[in-house]
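To keep things clear, I will list the structure first and then write my remarks on it.
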Amino acid sequence: MEHSIALVTGATSGLGYAAARLLAAKGYREVMVTGRSLAQIRETAAQLTAETKRPVFTPLELDLNDPVNVHSAVAALVKDGRPVDFLLLNAGLVPFKQRVLTAAGVEASQAPLIGHHQLTVGLLNANMLSPNARIVIAGAEPARGAYPCSSTPTCQNSRPNITKATEPPLWKP
């Protein structure tokens, strides 16, 4: 498959940032980098360009917590008319100790999964994935909720406590 266009969700930091950088190094003509804030993702694209010396990064605002924003991003990609060859579904969220809902009424820890589904189905329905496109779903241990953690106070205080049976449920069934 000719290295052409890649789209990476959650590219402002961590795995998404590193993957975008690697895809550029591997010869992709364009690497669309996404994030919730257009200003932040523009800054990320500029930083990646400076680091790699390859002007292949295109910023795309994509807030997976907002179905209207995901629809707008798909519409922008359709308008652009260039099919994606490599789709990395990376953006995610570590679950909170308390139940948190997005403005759309979706559990915040689940919203990226739903947003990724909406993005992928939108691209498929619009025939915006190339015939040999690869779709990669990235995950991280913290997203599972019960992740191994060192004994540092910062780590101990940041992870959800799922082992205490005496705690009240996070939400009412």
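Quick note on naming: the chains in the structure tokens go A, B, ... in the order shown, residues restart at 1 in each chain, and ligands are numbered from 1 in order of appearance.
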*What's the 12 Å shell around A:Ala39, counting only C-alpha atoms, without same-chain residues fewer than 2 positions away, as number ranges by chain?*
A: 12, 34-37, 41-46, 59-62
Dump as CSV the rows for residues of stretch 48-108 of chain A within 7 Å of stretch 114-131 of chain A: closest atom pair and distance in Å with one decimal, only C-alpha atoms counted, ordered by chain and rising residue number.
residue,atom,partner,partner_atom,distance
A:Leu64,CA,A:Gly115,CA,4.4
A:Asn65,CA,A:Gly115,CA,6.4
A:Pro67,CA,A:Gly115,CA,6.7
A:Val70,CA,A:Leu119,CA,6.3
A:Val74,CA,A:Gly122,CA,6.3
A:Val78,CA,A:Met128,CA,6.7
A:Arg82,CA,A:Met128,CA,6.9
A:Pro83,CA,A:Met128,CA,4.3
A:Val84,CA,A:Leu129,CA,4.8
A:Asp85,CA,A:Ser130,CA,5.4
A:Leu89,CA,A:His116,CA,6.4
*What does the distance from atom CA of A:Ala103 to atom CA of A:Ala18 come to in Å, to one decimal?*
29.7 Å
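Shortest separation to A:Ala50 among A:Tyr28, A:Arg21, A:Ser13, A:Ser72 occurs at residue A:Arg21, atoms counted being only C-alpha atoms.
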*Pick out each residue of stretch 32-140 of chain A that DSSP on the backbone tags as strand (DSSP E or B); I need them as a PyMOL selection string.*
chain A and resi 32-35+57-61+84-89+101+107+129-137
*So which bits of stretch 61-135 of chain A end up helix (DSSP H, G or I) when you DSSP the backbone, as a VMD selection string?*
chain A and resid 67 to 80 111 to 125
Please save N, CA and C atoms of the selected residues as a CSV table (one decimal), in the first residue's frame.
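And here's again00.csv as it stands now:
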chain,number,residue,atom,x,y,z
A,67,PRO,N,-21.0,14.5,19.6
A,67,PRO,CA,-21.4,13.9,18.3
A,67,PRO,C,-21.5,14.9,17.2
A,68,VAL,N,-21.9,16.1,17.5
A,68,VAL,CA,-22.0,17.2,16.4
A,68,VAL,C,-20.7,17.5,15.9
A,69,ASN,N,-19.7,17.6,16.8
A,69,ASN,CA,-18.3,17.9,16.3
A,69,ASN,C,-17.7,16.8,15.5
A,70,VAL,N,-18.0,15.5,15.9
A,70,VAL,CA,-17.5,14.4,15.1
A,70,VAL,C,-18.2,14.4,13.7
A,71,HIS,N,-19.5,14.7,13.6
A,71,HIS,CA,-20.2,14.8,12.4
A,71,HIS,C,-19.5,15.9,11.5
A,72,SER,N,-19.2,17.0,12.1
A,72,SER,CA,-18.6,18.1,11.4
A,72,SER,C,-17.2,17.7,10.8
A,73,ALA,N,-16.4,17.0,11.6
A,73,ALA,CA,-15.1,16.5,11.2
A,73,ALA,C,-15.2,15.6,10.0
A,74,VAL,N,-16.2,14.7,10.1
A,74,VAL,CA,-16.4,13.7,9.0
A,74,VAL,C,-16.8,14.5,7.7
A,75,ALA,N,-17.7,15.5,7.9
A,75,ALA,CA,-18.1,16.3,6.8
A,75,ALA,C,-16.9,17.1,6.1
A,76,ALA,N,-16.0,17.6,7.0
A,76,ALA,CA,-14.8,18.3,6.5
A,76,ALA,C,-14.0,17.3,5.7
A,77,LEU,N,-13.8,16.1,6.2
A,77,LEU,CA,-13.0,15.1,5.5
A,77,LEU,C,-13.6,14.7,4.1
A,78,VAL,N,-15.0,14.6,4.1
A,78,VAL,CA,-15.7,14.3,2.9
A,78,VAL,C,-15.5,15.4,1.9
A,79,LYS,N,-15.7,16.6,2.4
A,79,LYS,CA,-15.5,17.8,1.5
A,79,LYS,C,-14.1,17.8,0.9
A,80,ASP,N,-13.1,17.5,1.7
A,80,ASP,CA,-11.7,17.4,1.2
A,80,ASP,C,-11.5,16.4,0.1
A,111,ALA,N,-17.4,8.0,26.0
A,111,ALA,CA,-17.6,8.9,24.9
A,111,ALA,C,-16.6,8.7,23.8
A,112,PRO,N,-15.3,8.5,24.1
A,112,PRO,CA,-14.3,8.4,23.0
A,112,PRO,C,-14.6,7.1,22.2
A,113,LEU,N,-15.1,6.0,22.8
A,113,LEU,CA,-15.4,4.8,22.1
A,113,LEU,C,-16.6,5.1,21.1
A,114,ILE,N,-17.6,5.8,21.6
A,114,ILE,CA,-18.7,6.1,20.8
A,114,ILE,C,-18.3,7.0,19.6
A,115,GLY,N,-17.5,8.0,20.0
A,115,GLY,CA,-17.0,9.0,19.0
A,115,GLY,C,-16.1,8.3,17.9
A,116,HIS,N,-15.3,7.4,18.3
A,116,HIS,CA,-14.5,6.6,17.4
A,116,HIS,C,-15.4,5.8,16.4
A,117,HIS,N,-16.4,5.2,17.0
A,117,HIS,CA,-17.4,4.4,16.2
A,117,HIS,C,-18.1,5.4,15.2
A,118,GLN,N,-18.5,6.5,15.7
A,118,GLN,CA,-19.2,7.5,14.8
A,118,GLN,C,-18.2,7.9,13.7
A,119,LEU,N,-17.0,8.2,14.0
A,119,LEU,CA,-16.0,8.6,13.0
A,119,LEU,C,-15.8,7.5,12.0
A,120,THR,N,-15.6,6.3,12.4
A,120,THR,CA,-15.3,5.2,11.5
A,120,THR,C,-16.4,4.9,10.6
A,121,VAL,N,-17.6,4.8,11.2
A,121,VAL,CA,-18.8,4.5,10.4
A,121,VAL,C,-19.1,5.7,9.4
A,122,GLY,N,-18.9,6.9,9.8
A,122,GLY,CA,-19.0,8.1,8.9
A,122,GLY,C,-18.1,8.0,7.7
A,123,LEU,N,-16.8,7.6,8.0
A,123,LEU,CA,-15.8,7.5,6.9
A,123,LEU,C,-16.2,6.3,6.0
A,124,LEU,N,-16.6,5.2,6.6
A,124,LEU,CA,-17.0,4.1,5.8
A,124,LEU,C,-18.2,4.4,4.9
A,125,ASN,N,-19.2,5.0,5.5
A,125,ASN,CA,-20.4,5.3,4.7
A,125,ASN,C,-20.2,6.3,3.6
